[in-house]
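One structure is given below, encoded as structure tokens.
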Amino acid sequence: MNHMLARLSLLGVAAAFAGLSTAHAADVQKGAELVQQGGCIACHGAGLDKPVAPTYPIIAGQHESYLFHALQQYQTKHQTPLYGRNNPIMAGMVARFNTQDLHDIAAYVASLKSPLFERDLARDPRP
Ligand code: HEC
């Protein structure tokens, strides 16, 4: 009986992980729409690679995981005294997005060409 229960709960865990992975698959097209609606180009530039002020960061082509975590850290609910970013401009920008939106935005921004570096196609064969 205990064996049976253990098996059932393992199945449950597997199903939960399967659900998680589909929910987190990033949608680049959706990310492009969210960036357009979000008005990000007003500060980060048309290709998100020419910020309007030298103190604003170039975000185009940065690593997807880095972008996702940067965006999430601007959300108030992810801020703790040890973790999180405290920037009033970006906090306002990301407030309305959910976690899936941030994954989509990060995937889109990461797919753009960056003026910061030349991509080594052998090591990074993204389209
Ligand atoms: C009003 C100007 C403004 C707008 C509009 C804006 N940003 Fe920003 N963004 C900034 C500034 C300023 C920073 C640097 C903040 C800091 O010092 O943490 C920043 C930082 C970022 C970073 C972190 C970059 C890094 O290297 O750590 C990301 C990612 C980002 N913005 C994405 C976006 C996205 C996506 C949008 C649209 C939804 C957006 N921004 C709209 C001004 C803006």
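In the structure tokens, each chain is lettered A, B, ... as it comes, each chain's residues begin at 1, and ligands are numbered from 1 in order of appearance.
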Hey, which residues come within 7 Å of ligand 1 if we count only C-alpha atoms and all ligand atoms? Could you give them as a PDB file with all heavy atoms, in the first residue's frame?
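See out-v7.pdb below for the written result:
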ATOM      1  N   LEU A  34       4.832  42.596 -26.422  1.00  0.00           N
ATOM      2  CA  LEU A  34       4.845  43.215 -25.082  1.00  0.00           C
ATOM      3  C   LEU A  34       5.836  44.375 -25.026  1.00  0.00           C
ATOM      4  O   LEU A  34       5.563  45.406 -24.416  1.00  0.00           O
ATOM      5  CB  LEU A  34       5.192  42.163 -24.011  1.00  0.00           C
ATOM      6  CG  LEU A  34       4.146  41.060 -23.817  1.00  0.00           C
ATOM      7  CD1 LEU A  34       4.670  39.976 -22.882  1.00  0.00           C
ATOM      8  CD2 LEU A  34       2.850  41.644 -23.262  1.00  0.00           C
ATOM      9  N   VAL A  35       6.970  44.204 -25.696  1.00  0.00           N
ATOM     10  CA  VAL A  35       7.973  45.279 -25.722  1.00  0.00           C
ATOM     11  C   VAL A  35       7.413  46.489 -26.475  1.00  0.00           C
ATOM     12  O   VAL A  35       7.582  47.629 -26.050  1.00  0.00           O
ATOM     13  CB  VAL A  35       9.290  44.781 -26.369  1.00  0.00           C
ATOM     14  CG1 VAL A  35      10.171  45.942 -26.814  1.00  0.00           C
ATOM     15  CG2 VAL A  35      10.048  43.887 -25.391  1.00  0.00           C
ATOM     16  N   GLY A  38       4.805  48.049 -24.353  1.00  0.00           N
ATOM     17  CA  GLY A  38       5.389  48.573 -23.110  1.00  0.00           C
ATOM     18  C   GLY A  38       6.148  49.876 -23.281  1.00  0.00           C
ATOM     19  O   GLY A  38       6.532  50.509 -22.308  1.00  0.00           O
ATOM     20  N   GLY A  39       6.394  50.265 -24.537  1.00  0.00           N
ATOM     21  CA  GLY A  39       7.083  51.530 -24.776  1.00  0.00           C
ATOM     22  C   GLY A  39       8.561  51.503 -24.386  1.00  0.00           C
ATOM     23  O   GLY A  39       9.173  52.545 -24.132  1.00  0.00           O
ATOM     24  N   CYS A  40       9.156  50.331 -24.386  1.00  0.00           N
ATOM     25  CA  CYS A  40      10.553  50.171 -23.958  1.00  0.00           C
ATOM     26  C   CYS A  40      11.518  50.966 -24.848  1.00  0.00           C
ATOM     27  O   CYS A  40      12.569  51.410 -24.382  1.00  0.00           O
ATOM     28  CB  CYS A  40      10.950  48.703 -23.981  1.00  0.00           C
ATOM     29  SG  CYS A  40       9.702  47.588 -23.299  1.00  0.00           S
ATOM     30  N   ILE A  41      11.146  51.133 -26.117  1.00  0.00           N
ATOM     31  CA  ILE A  41      12.066  51.809 -27.047  1.00  0.00           C
ATOM     32  C   ILE A  41      12.242  53.287 -26.708  1.00  0.00           C
ATOM     33  O   ILE A  41      13.218  53.900 -27.119  1.00  0.00           O
ATOM     34  CB  ILE A  41      11.636  51.650 -28.527  1.00  0.00           C
ATOM     35  CG1 ILE A  41      10.310  52.349 -28.779  1.00  0.00           C
ATOM     36  CG2 ILE A  41      11.563  50.186 -28.913  1.00  0.00           C
ATOM     37  CD1 ILE A  41       9.977  52.429 -30.275  1.00  0.00           C
ATOM     38  N   ALA A  42      11.292  53.840 -25.960  1.00  0.00           N
ATOM     39  CA  ALA A  42      11.388  55.258 -25.606  1.00  0.00           C
ATOM     40  C   ALA A  42      12.699  55.553 -24.880  1.00  0.00           C
ATOM     41  O   ALA A  42      13.258  56.635 -25.015  1.00  0.00           O
ATOM     42  CB  ALA A  42      10.198  55.664 -24.738  1.00  0.00           C
ATOM     43  N   CYS A  43      13.184  54.612 -24.128  1.00  0.00           N
ATOM     44  CA  CYS A  43      14.440  54.830 -23.388  1.00  0.00           C
ATOM     45  C   CYS A  43      15.586  53.959 -23.900  1.00  0.00           C
ATOM     46  O   CYS A  43      16.730  54.385 -23.908  1.00  0.00           O
ATOM     47  CB  CYS A  43      14.239  54.518 -21.912  1.00  0.00           C
ATOM     48  SG  CYS A  43      13.095  55.645 -21.103  1.00  0.00           S
ATOM     49  N   HIS A  44      15.259  52.721 -24.296  1.00  0.00           N
ATOM     50  CA  HIS A  44      16.333  51.800 -24.691  1.00  0.00           C
ATOM     51  C   HIS A  44      16.663  51.886 -26.183  1.00  0.00           C
ATOM     52  O   HIS A  44      17.595  51.243 -26.641  1.00  0.00           O
ATOM     53  CB  HIS A  44      15.975  50.360 -24.279  1.00  0.00           C
ATOM     54  CG  HIS A  44      15.931  50.163 -22.790  1.00  0.00           C
ATOM     55  ND1 HIS A  44      17.065  50.112 -22.008  1.00  0.00           N
ATOM     56  CD2 HIS A  44      14.890  50.068 -21.932  1.00  0.00           C
ATOM     57  CE1 HIS A  44      16.726  49.960 -20.736  1.00  0.00           C
ATOM     58  NE2 HIS A  44      15.415  49.933 -20.651  1.00  0.00           N
ATOM     59  N   THR A  55      23.508  56.840 -19.484  1.00  0.00           N
ATOM     60  CA  THR A  55      23.412  56.092 -18.219  1.00  0.00           C
ATOM     61  C   THR A  55      22.388  54.958 -18.304  1.00  0.00           C
ATOM     62  O   THR A  55      22.266  54.165 -17.380  1.00  0.00           O
ATOM     63  CB  THR A  55      22.996  57.026 -17.074  1.00  0.00           C
ATOM     64  OG1 THR A  55      21.825  57.745 -17.492  1.00  0.00           O
ATOM     65  CG2 THR A  55      24.092  58.014 -16.733  1.00  0.00           C
ATOM     66  N   TYR A  56      21.654  54.874 -19.425  1.00  0.00           N
ATOM     67  CA  TYR A  56      20.677  53.801 -19.584  1.00  0.00           C
ATOM     68  C   TYR A  56      21.362  52.615 -20.263  1.00  0.00           C
ATOM     69  O   TYR A  56      22.170  52.808 -21.176  1.00  0.00           O
ATOM     70  CB  TYR A  56      19.485  54.256 -20.447  1.00  0.00           C
ATOM     71  CG  TYR A  56      18.571  55.275 -19.800  1.00  0.00           C
ATOM     72  CD1 TYR A  56      18.848  55.810 -18.551  1.00  0.00           C
ATOM     73  CD2 TYR A  56      17.422  55.691 -20.442  1.00  0.00           C
ATOM     74  CE1 TYR A  56      17.998  56.744 -17.966  1.00  0.00           C
ATOM     75  CE2 TYR A  56      16.569  56.626 -19.862  1.00  0.00           C
ATOM     76  CZ  TYR A  56      16.861  57.150 -18.634  1.00  0.00           C
ATOM     77  OH  TYR A  56      16.020  58.060 -18.073  1.00  0.00           O
ATOM     78  N   PRO A  57      21.018  51.401 -19.858  1.00  0.00           N
ATOM     79  CA  PRO A  57      21.742  50.237 -20.398  1.00  0.00           C
ATOM     80  C   PRO A  57      21.309  49.807 -21.803  1.00  0.00           C
ATOM     81  O   PRO A  57      20.162  50.010 -22.201  1.00  0.00           O
ATOM     82  CB  PRO A  57      21.404  49.135 -19.389  1.00  0.00           C
ATOM     83  CG  PRO A  57      20.096  49.538 -18.791  1.00  0.00           C
ATOM     84  CD  PRO A  57      20.060  51.030 -18.799  1.00  0.00           C
ATOM     85  N   ILE A  58      22.254  49.227 -22.540  1.00  0.00           N
ATOM     86  CA  ILE A  58      21.958  48.554 -23.816  1.00  0.00           C
ATOM     87  C   ILE A  58      21.469  47.161 -23.443  1.00  0.00           C
ATOM     88  O   ILE A  58      22.196  46.405 -22.791  1.00  0.00           O
ATOM     89  CB  ILE A  58      23.230  48.447 -24.678  1.00  0.00           C
ATOM     90  CG1 ILE A  58      23.686  49.847 -25.093  1.00  0.00           C
ATOM     91  CG2 ILE A  58      22.989  47.548 -25.886  1.00  0.00           C
ATOM     92  CD1 ILE A  58      25.062  49.875 -25.736  1.00  0.00           C
ATOM     93  N   ILE A  59      20.248  46.826 -23.824  1.00  0.00           N
ATOM     94  CA  ILE A  59      19.734  45.512 -23.403  1.00  0.00           C
ATOM     95  C   ILE A  59      19.678  44.498 -24.549  1.00  0.00           C
ATOM     96  O   ILE A  59      19.626  43.299 -24.311  1.00  0.00           O
ATOM     97  CB  ILE A  59      18.359  45.633 -22.705  1.00  0.00           C
ATOM     98  CG1 ILE A  59      17.335  46.304 -23.606  1.00  0.00           C
ATOM     99  CG2 ILE A  59      18.496  46.393 -21.394  1.00  0.00           C
ATOM    100  CD1 ILE A  59      15.916  46.299 -23.002  1.00  0.00           C
ATOM    101  N   LEU A  67      18.496  38.610 -18.517  1.00  0.00           N
ATOM    102  CA  LEU A  67      17.427  39.595 -18.726  1.00  0.00           C
ATOM    103  C   LEU A  67      16.200  39.253 -17.889  1.00  0.00           C
ATOM    104  O   LEU A  67      15.605  40.127 -17.254  1.00  0.00           O
ATOM    105  CB  LEU A  67      17.047  39.655 -20.211  1.00  0.00           C
ATOM    106  CG  LEU A  67      18.083  40.314 -21.119  1.00  0.00           C
ATOM    107  CD1 LEU A  67      17.771  40.015 -22.583  1.00  0.00           C
ATOM    108  CD2 LEU A  67      18.132  41.824 -20.886  1.00  0.00           C
ATOM    109  N   ALA A  70      16.891  40.070 -14.296  1.00  0.00           N
ATOM    110  CA  ALA A  70      16.976  41.520 -14.100  1.00  0.00           C
ATOM    111  C   ALA A  70      15.562  42.104 -14.045  1.00  0.00           C
ATOM    112  O   ALA A  70      15.229  42.875 -13.139  1.00  0.00           O
ATOM    113  CB  ALA A  70      17.781  42.153 -15.227  1.00  0.00           C
ATOM    114  N   LEU A  71      14.725  41.706 -15.008  1.00  0.00           N
ATOM    115  CA  LEU A  71      13.356  42.233 -15.061  1.00  0.00           C
ATOM    116  C   LEU A  71      12.587  41.860 -13.784  1.00  0.00           C
ATOM    117  O   LEU A  71      11.894  42.683 -13.192  1.00  0.00           O
ATOM    118  CB  LEU A  71      12.627  41.688 -16.290  1.00  0.00           C
ATOM    119  CG  LEU A  71      13.119  42.243 -17.630  1.00  0.00           C
ATOM    120  CD1 LEU A  71      12.572  41.420 -18.787  1.00  0.00           C
ATOM    121  CD2 LEU A  71      12.736  43.710 -17.786  1.00  0.00           C
ATOM    122  N   ARG A  85      16.313  44.758  -7.254  1.00  0.00           N
ATOM    123  CA  ARG A  85      16.827  46.029  -7.728  1.00  0.00           C
ATOM    124  C   ARG A  85      15.840  47.114  -7.340  1.00  0.00           C
ATOM    125  O   ARG A  85      14.639  46.912  -7.399  1.00  0.00           O
ATOM    126  CB  ARG A  85      16.946  46.007  -9.251  1.00  0.00           C
ATOM    127  CG  ARG A  85      17.928  44.971  -9.739  1.00  0.00           C
ATOM    128  CD  ARG A  85      18.040  45.056 -11.239  1.00  0.00           C
ATOM    129  NE  ARG A  85      19.019  44.108 -11.725  1.00  0.00           N
ATOM    130  CZ  ARG A  85      19.685  44.261 -12.865  1.00  0.00           C
ATOM    131  NH1 ARG A  85      19.474  45.310 -13.625  1.00  0.00           N
ATOM    132  NH2 ARG A  85      20.552  43.363 -13.246  1.00  0.00           N
ATOM    133  N   ASN A  86      16.373  48.234  -6.977  1.00  0.00           N
ATOM    134  CA  ASN A  86      15.516  49.310  -6.531  1.00  0.00           C
ATOM    135  C   ASN A  86      15.647  50.480  -7.499  1.00  0.00           C
ATOM    136  O   ASN A  86      16.454  51.371  -7.302  1.00  0.00           O
ATOM    137  CB  ASN A  86      15.933  49.708  -5.111  1.00  0.00           C
ATOM    138  CG  ASN A  86      14.938  50.663  -4.508  1.00  0.00           C
ATOM    139  OD1 ASN A  86      13.915  50.948  -5.133  1.00  0.00           O
ATOM    140  ND2 ASN A  86      15.236  51.165  -3.333  1.00  0.00           N
ATOM    141  N   ASN A  87      14.874  50.412  -8.598  1.00  0.00           N
ATOM    142  CA  ASN A  87      14.930  51.486  -9.586  1.00  0.00           C
ATOM    143  C   ASN A  87      13.502  51.909  -9.910  1.00  0.00           C
ATOM    144  O   ASN A  87      12.727  51.130 -10.456  1.00  0.00           O
ATOM    145  CB  ASN A  87      15.649  50.995 -10.851  1.00  0.00           C
ATOM    146  CG  ASN A  87      15.761  52.098 -11.887  1.00  0.00           C
ATOM    147  OD1 ASN A  87      14.888  52.267 -12.724  1.00  0.00           O
ATOM    148  ND2 ASN A  87      16.834  52.860 -11.818  1.00  0.00           N
ATOM    149  N   ILE A  89      12.116  53.839 -12.104  1.00  0.00           N
ATOM    150  CA  ILE A  89      11.680  53.845 -13.511  1.00  0.00           C
ATOM    151  C   ILE A  89      11.307  52.428 -13.934  1.00  0.00           C
ATOM    152  O   ILE A  89      10.203  52.160 -14.388  1.00  0.00           O
ATOM    153  CB  ILE A  89      12.792  54.374 -14.448  1.00  0.00           C
ATOM    154  CG1 ILE A  89      13.166  55.812 -14.090  1.00  0.00           C
ATOM    155  CG2 ILE A  89      12.349  54.284 -15.902  1.00  0.00           C
ATOM    156  CD1 ILE A  89      14.326  56.366 -14.922  1.00  0.00           C
ATOM    157  N   MET A  90      12.245  51.496 -13.768  1.00  0.00           N
ATOM    158  CA  MET A  90      11.994  50.136 -14.235  1.00  0.00           C
ATOM    159  C   MET A  90      10.953  49.412 -13.373  1.00  0.00           C
ATOM    160  O   MET A  90      10.226  48.550 -13.869  1.00  0.00           O
ATOM    161  CB  MET A  90      13.299  49.342 -14.312  1.00  0.00           C
ATOM    162  CG  MET A  90      14.116  49.623 -15.559  1.00  0.00           C
ATOM    163  SD  MET A  90      13.149  49.396 -17.088  1.00  0.00           S
ATOM    164  CE  MET A  90      12.704  47.662 -16.981  1.00  0.00           C
ATOM    165  N   MET A  93       7.864  50.124 -14.985  1.00  0.00           N
ATOM    166  CA  MET A  93       7.735  49.476 -16.297  1.00  0.00           C
ATOM    167  C   MET A  93       7.309  48.013 -16.184  1.00  0.00           C
ATOM    168  O   MET A  93       6.566  47.514 -17.017  1.00  0.00           O
ATOM    169  CB  MET A  93       9.062  49.536 -17.064  1.00  0.00           C
ATOM    170  CG  MET A  93       9.541  50.923 -17.460  1.00  0.00           C
ATOM    171  SD  MET A  93       8.330  51.917 -18.342  1.00  0.00           S
ATOM    172  CE  MET A  93       7.940  50.881 -19.736  1.00  0.00           C
ATOM    173  N   VAL A  94       7.808  47.293 -15.194  1.00  0.00           N
ATOM    174  CA  VAL A  94       7.546  45.846 -15.127  1.00  0.00           C
ATOM    175  C   VAL A  94       6.381  45.473 -14.215  1.00  0.00           C
ATOM    176  O   VAL A  94       5.991  44.304 -14.159  1.00  0.00           O
ATOM    177  CB  VAL A  94       8.801  45.050 -14.689  1.00  0.00           C
ATOM    178  CG1 VAL A  94       9.907  45.156 -15.721  1.00  0.00           C
ATOM    179  CG2 VAL A  94       9.283  45.510 -13.321  1.00  0.00           C
ATOM    180  N   ILE A 105       9.434  38.428 -22.858  1.00  0.00           N
ATOM    181  CA  ILE A 105      10.195  39.654 -23.139  1.00  0.00           C
ATOM    182  C   ILE A 105      11.690  39.340 -23.172  1.00  0.00           C
ATOM    183  O   ILE A 105      12.413  39.771 -24.077  1.00  0.00           O
ATOM    184  CB  ILE A 105       9.890  40.736 -22.068  1.00  0.00           C
ATOM    185  CG1 ILE A 105       8.453  41.243 -22.226  1.00  0.00           C
ATOM    186  CG2 ILE A 105      10.877  41.898 -22.169  1.00  0.00           C
ATOM    187  CD1 ILE A 105       7.981  42.154 -21.101  1.00  0.00           C
TER     188      ILE A 105
END
Apply DSSP to the backbone of this structure and, from range 28-96 of chain A, keep only the residues in helix (DSSP H, G or I); write these as a ChimeraX atom specification. /A:28-38,41-44,64-73,76-78,88-94
Please produce a file of the residues just selected, as a short mmCIF file (atom, residue, chain, number, x, y, z; two decimals), in the first residue's frame, where the atoms kept are N, CA, C and O atoms.
data_model
loop_
_atom_site.label_atom_id
_atom_site.label_comp_id
_atom_site.auth_asym_id
_atom_site.auth_seq_id
_atom_site.Cartn_x
_atom_site.Cartn_y
_atom_site.Cartn_z
N VAL A 28 8.83 34.24 -28.27
CA VAL A 28 9.56 35.43 -28.75
C VAL A 28 8.61 36.45 -29.40
O VAL A 28 8.73 37.65 -29.18
N GLN A 29 7.64 35.94 -30.17
CA GLN A 29 6.69 36.83 -30.85
C GLN A 29 5.86 37.63 -29.84
O GLN A 29 5.68 38.84 -29.97
N LYS A 30 5.40 36.92 -28.80
CA LYS A 30 4.63 37.58 -27.75
C LYS A 30 5.51 38.62 -27.04
O LYS A 30 5.07 39.73 -26.72
N GLY A 31 6.77 38.25 -26.85
CA GLY A 31 7.71 39.18 -26.22
C GLY A 31 7.86 40.46 -27.03
O GLY A 31 7.91 41.55 -26.48
N ALA A 32 7.91 40.30 -28.35
CA ALA A 32 8.04 41.48 -29.23
C ALA A 32 6.83 42.39 -29.07
O ALA A 32 6.96 43.62 -29.00
N GLU A 33 5.64 41.78 -28.98
CA GLU A 33 4.41 42.59 -28.80
C GLU A 33 4.43 43.31 -27.46
O GLU A 33 4.07 44.48 -27.37
N LEU A 34 4.83 42.60 -26.42
CA LEU A 34 4.85 43.21 -25.08
C LEU A 34 5.84 44.37 -25.03
O LEU A 34 5.56 45.41 -24.42
N VAL A 35 6.97 44.20 -25.70
CA VAL A 35 7.97 45.28 -25.72
C VAL A 35 7.41 46.49 -26.48
O VAL A 35 7.58 47.63 -26.05
N GLN A 36 6.70 46.21 -27.56
CA GLN A 36 6.11 47.31 -28.33
C GLN A 36 5.06 48.04 -27.51
O GLN A 36 5.06 49.28 -27.42
N GLN A 37 4.17 47.26 -26.89
CA GLN A 37 3.12 47.88 -26.07
C GLN A 37 3.71 48.58 -24.85
O GLN A 37 3.16 49.57 -24.37
N GLY A 38 4.80 48.05 -24.35
CA GLY A 38 5.39 48.57 -23.11
C GLY A 38 6.15 49.88 -23.28
O GLY A 38 6.53 50.51 -22.31
N ILE A 41 11.15 51.13 -26.12
CA ILE A 41 12.07 51.81 -27.05
C ILE A 41 12.24 53.29 -26.71
O ILE A 41 13.22 53.90 -27.12
N ALA A 42 11.29 53.84 -25.96
CA ALA A 42 11.39 55.26 -25.61
C ALA A 42 12.70 55.55 -24.88
O ALA A 42 13.26 56.64 -25.01
N CYS A 43 13.18 54.61 -24.13
CA CYS A 43 14.44 54.83 -23.39
C CYS A 43 15.59 53.96 -23.90
O CYS A 43 16.73 54.38 -23.91
N HIS A 44 15.26 52.72 -24.30
CA HIS A 44 16.33 51.80 -24.69
C HIS A 44 16.66 51.89 -26.18
O HIS A 44 17.60 51.24 -26.64
N GLU A 64 19.48 35.65 -22.18
CA GLU A 64 18.05 35.55 -21.84
C GLU A 64 17.81 35.37 -20.34
O GLU A 64 16.97 36.06 -19.76
N SER A 65 18.56 34.50 -19.73
CA SER A 65 18.35 34.25 -18.31
C SER A 65 18.70 35.49 -17.48
O SER A 65 18.01 35.85 -16.52
N TYR A 66 19.77 36.18 -17.90
CA TYR A 66 20.16 37.41 -17.21
C TYR A 66 19.03 38.44 -17.30
O TYR A 66 18.65 39.07 -16.32
N LEU A 67 18.50 38.61 -18.52
CA LEU A 67 17.43 39.60 -18.73
C LEU A 67 16.20 39.25 -17.89
O LEU A 67 15.60 40.13 -17.25
N PHE A 68 15.83 37.97 -17.90
CA PHE A 68 14.65 37.56 -17.12
C PHE A 68 14.83 37.93 -15.65
O PHE A 68 13.96 38.53 -15.03
N HIS A 69 15.97 37.57 -15.09
CA HIS A 69 16.17 37.83 -13.66
C HIS A 69 16.29 39.32 -13.37
O HIS A 69 15.82 39.80 -12.33
N ALA A 70 16.89 40.07 -14.30
CA ALA A 70 16.98 41.52 -14.10
C ALA A 70 15.56 42.10 -14.04
O ALA A 70 15.23 42.87 -13.14
N LEU A 71 14.72 41.71 -15.01
CA LEU A 71 13.36 42.23 -15.06
C LEU A 71 12.59 41.86 -13.78
O LEU A 71 11.89 42.68 -13.19
N GLN A 72 12.73 40.61 -13.37
CA GLN A 72 12.00 40.15 -12.19
C GLN A 72 12.44 40.90 -10.93
O GLN A 72 11.63 41.22 -10.07
N GLN A 73 13.72 41.22 -10.88
CA GLN A 73 14.22 41.91 -9.68
C GLN A 73 13.67 43.32 -9.53
O GLN A 73 13.71 43.88 -8.45
N THR A 76 8.41 44.73 -7.28
CA THR A 76 8.41 44.93 -5.83
C THR A 76 8.30 43.61 -5.08
O THR A 76 8.98 43.42 -4.07
N LYS A 77 7.47 42.69 -5.58
CA LYS A 77 7.26 41.44 -4.84
C LYS A 77 8.50 40.56 -4.80
O LYS A 77 8.56 39.62 -4.03
N HIS A 78 9.49 40.85 -5.65
CA HIS A 78 10.71 40.04 -5.64
C HIS A 78 11.84 40.72 -4.88
O HIS A 78 12.98 40.28 -4.94
N PRO A 88 13.14 53.12 -9.55
CA PRO A 88 11.74 53.55 -9.70
C PRO A 88 11.26 53.52 -11.14
O PRO A 88 10.10 53.21 -11.40
N ILE A 89 12.12 53.84 -12.10
CA ILE A 89 11.68 53.84 -13.51
C ILE A 89 11.31 52.43 -13.93
O ILE A 89 10.20 52.16 -14.39
N MET A 90 12.24 51.50 -13.77
CA MET A 90 11.99 50.14 -14.24
C MET A 90 10.95 49.41 -13.37
O MET A 90 10.23 48.55 -13.87
N ALA A 91 10.86 49.76 -12.10
CA ALA A 91 9.82 49.15 -11.25
C ALA A 91 8.45 49.46 -11.85
O ALA A 91 7.59 48.58 -11.93
N GLY A 92 8.28 50.70 -12.30
CA GLY A 92 7.02 51.09 -12.92
C GLY A 92 6.79 50.35 -14.23
O GLY A 92 5.67 49.95 -14.55
N MET A 93 7.86 50.12 -14.99
CA MET A 93 7.74 49.48 -16.30
C MET A 93 7.31 48.01 -16.18
O MET A 93 6.57 47.51 -17.02
N VAL A 94 7.81 47.29 -15.19
CA VAL A 94 7.55 45.85 -15.13
C VAL A 94 6.38 45.47 -14.21
O VAL A 94 5.99 44.30 -14.16
#
Which residues are near Ala25 in chain A? Cut-off 10 Å, only C-alpha atoms, ignore same chain within fewer than 5 positions. Put them as a compact mmCIF listing (two decimals) with all heavy atoms, in the first residue's frame.
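Below you can see result13.txt, which holds the result:
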# COMPACT_ATOMS: atom_id res chain seq x y z
N LEU A 20 5.09 22.66 -15.45
CA LEU A 20 5.97 23.82 -15.29
C LEU A 20 6.74 24.11 -16.56
O LEU A 20 6.84 25.25 -16.99
CB LEU A 20 6.99 23.55 -14.18
CG LEU A 20 6.61 23.99 -12.78
CD1 LEU A 20 7.75 23.68 -11.83
CD2 LEU A 20 6.26 25.46 -12.75
N GLN A 100 5.33 34.85 -16.88
CA GLN A 100 5.41 34.37 -18.26
C GLN A 100 5.72 35.53 -19.22
O GLN A 100 6.53 35.38 -20.14
CB GLN A 100 4.09 33.69 -18.66
CG GLN A 100 4.11 33.07 -20.05
CD GLN A 100 5.13 31.94 -20.16
OE1 GLN A 100 5.18 31.05 -19.31
NE2 GLN A 100 5.95 31.96 -21.19
N HIS A 103 9.37 36.16 -19.14
CA HIS A 103 10.12 35.15 -19.92
C HIS A 103 10.04 35.49 -21.41
O HIS A 103 11.03 35.39 -22.14
CB HIS A 103 9.55 33.75 -19.69
CG HIS A 103 10.07 33.08 -18.46
ND1 HIS A 103 11.39 32.72 -18.30
CD2 HIS A 103 9.46 32.71 -17.30
CE1 HIS A 103 11.56 32.15 -17.11
NE2 HIS A 103 10.40 32.14 -16.49
N ASP A 104 8.85 35.86 -21.88
CA ASP A 104 8.67 36.17 -23.30
C ASP A 104 9.49 37.40 -23.69
O ASP A 104 10.14 37.42 -24.74
CB ASP A 104 7.18 36.41 -23.59
CG ASP A 104 6.32 35.17 -23.36
OD1 ASP A 104 6.90 34.07 -23.26
OD2 ASP A 104 5.09 35.31 -23.28
N ALA A 107 13.19 36.55 -23.84
CA ALA A 107 13.54 35.76 -25.03
C ALA A 107 13.64 36.67 -26.26
O ALA A 107 14.55 36.54 -27.07
CB ALA A 107 12.50 34.67 -25.26
Two-atom distance - CA of Thr99 in chain A, CA of Gln79 in chain A (Å):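 Separation of CA of Thr99 in chain A and CA of Gln79 in chain A: 14.6 Å.
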Which residues are close to Leu112 in chain A, i.e. within 6 Å by only C-alpha atoms, leaving aside same-chain residues fewer than 3 positions away? Reply as JSON, numbers by chain. {"A": [60, 61, 109]}
Given the selection you just returned, output its residues as a file containing N, CA and C atoms, formatted as a compact mmCIF listing (two decimals), in the first residue's frame.
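Listed below is the output, part_36.txt:
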# COMPACT_ATOMS: atom_id res chain seq x y z
N ALA A 60 19.70 44.96 -25.82
CA ALA A 60 19.60 44.05 -26.96
C ALA A 60 20.70 42.99 -26.92
N GLY A 61 20.30 41.73 -27.10
CA GLY A 61 21.26 40.65 -27.24
C GLY A 61 21.90 40.17 -25.95
N VAL A 109 14.17 40.06 -26.32
CA VAL A 109 15.30 41.02 -26.21
C VAL A 109 16.63 40.29 -26.45
Exercise: range 118-125 of chain A partners within 12 Å, only C-alpha atoms, chain neighbours under 5 positions left out, as a VMD selection string: chain A and resid 61 to 63 110 to 113
Take the residues just selected and output them with all heavy atoms as a tab-separated table (two decimals), in the first residue's frame.
chain	number	residue	atom	x	y	z
A	61	GLY	N	20.30	41.73	-27.10
A	61	GLY	CA	21.26	40.65	-27.24
A	61	GLY	C	21.90	40.17	-25.95
A	61	GLY	O	22.76	39.28	-25.98
A	62	GLN	N	21.46	40.71	-24.82
A	62	GLN	CA	22.02	40.19	-23.57
A	62	GLN	C	21.44	38.80	-23.32
A	62	GLN	O	20.43	38.40	-23.89
A	62	GLN	CB	21.70	41.14	-22.40
A	62	GLN	CG	22.49	42.44	-22.48
A	62	GLN	CD	22.54	43.16	-21.14
A	62	GLN	OE1	22.64	42.55	-20.09
A	62	GLN	NE2	22.45	44.47	-21.18
A	63	HIS	N	22.08	38.07	-22.44
A	63	HIS	CA	21.69	36.68	-22.19
A	63	HIS	C	20.26	36.59	-21.65
A	63	HIS	O	19.88	37.37	-20.76
A	63	HIS	CB	22.69	36.08	-21.20
A	63	HIS	CG	22.63	34.60	-21.12
A	63	HIS	ND1	22.79	33.78	-22.21
A	63	HIS	CD2	22.40	33.78	-20.07
A	63	HIS	CE1	22.68	32.52	-21.83
A	63	HIS	NE2	22.43	32.50	-20.54
A	110	ALA	N	16.73	39.05	-25.95
A	110	ALA	CA	17.97	38.28	-26.13
A	110	ALA	C	18.20	37.95	-27.60
A	110	ALA	O	19.34	37.77	-28.03
A	110	ALA	CB	17.90	36.99	-25.30
A	111	SER	N	17.12	37.86	-28.38
A	111	SER	CA	17.26	37.46	-29.79
A	111	SER	C	17.75	38.62	-30.67
A	111	SER	O	18.11	38.40	-31.83
A	111	SER	CB	15.91	36.97	-30.32
A	111	SER	OG	15.03	38.06	-30.56
A	112	LEU	N	17.76	39.84	-30.14
A	112	LEU	CA	18.17	41.00	-30.94
A	112	LEU	C	19.69	41.11	-31.05
A	112	LEU	O	20.41	40.65	-30.17
A	112	LEU	CB	17.60	42.27	-30.31
A	112	LEU	CG	16.08	42.35	-30.19
A	112	LEU	CD1	15.67	43.59	-29.40
A	112	LEU	CD2	15.42	42.33	-31.56
A	113	LYS	N	20.13	41.77	-32.12
A	113	LYS	CA	21.57	41.95	-32.33
A	113	LYS	C	22.08	43.00	-31.35
A	113	LYS	O	21.45	44.05	-31.16
A	113	LYS	CB	21.80	42.40	-33.76
A	113	LYS	CG	23.25	42.42	-34.18
A	113	LYS	CD	23.34	42.62	-35.69
A	113	LYS	CE	24.72	43.05	-36.15
A	113	LYS	NZ	25.84	42.38	-35.52
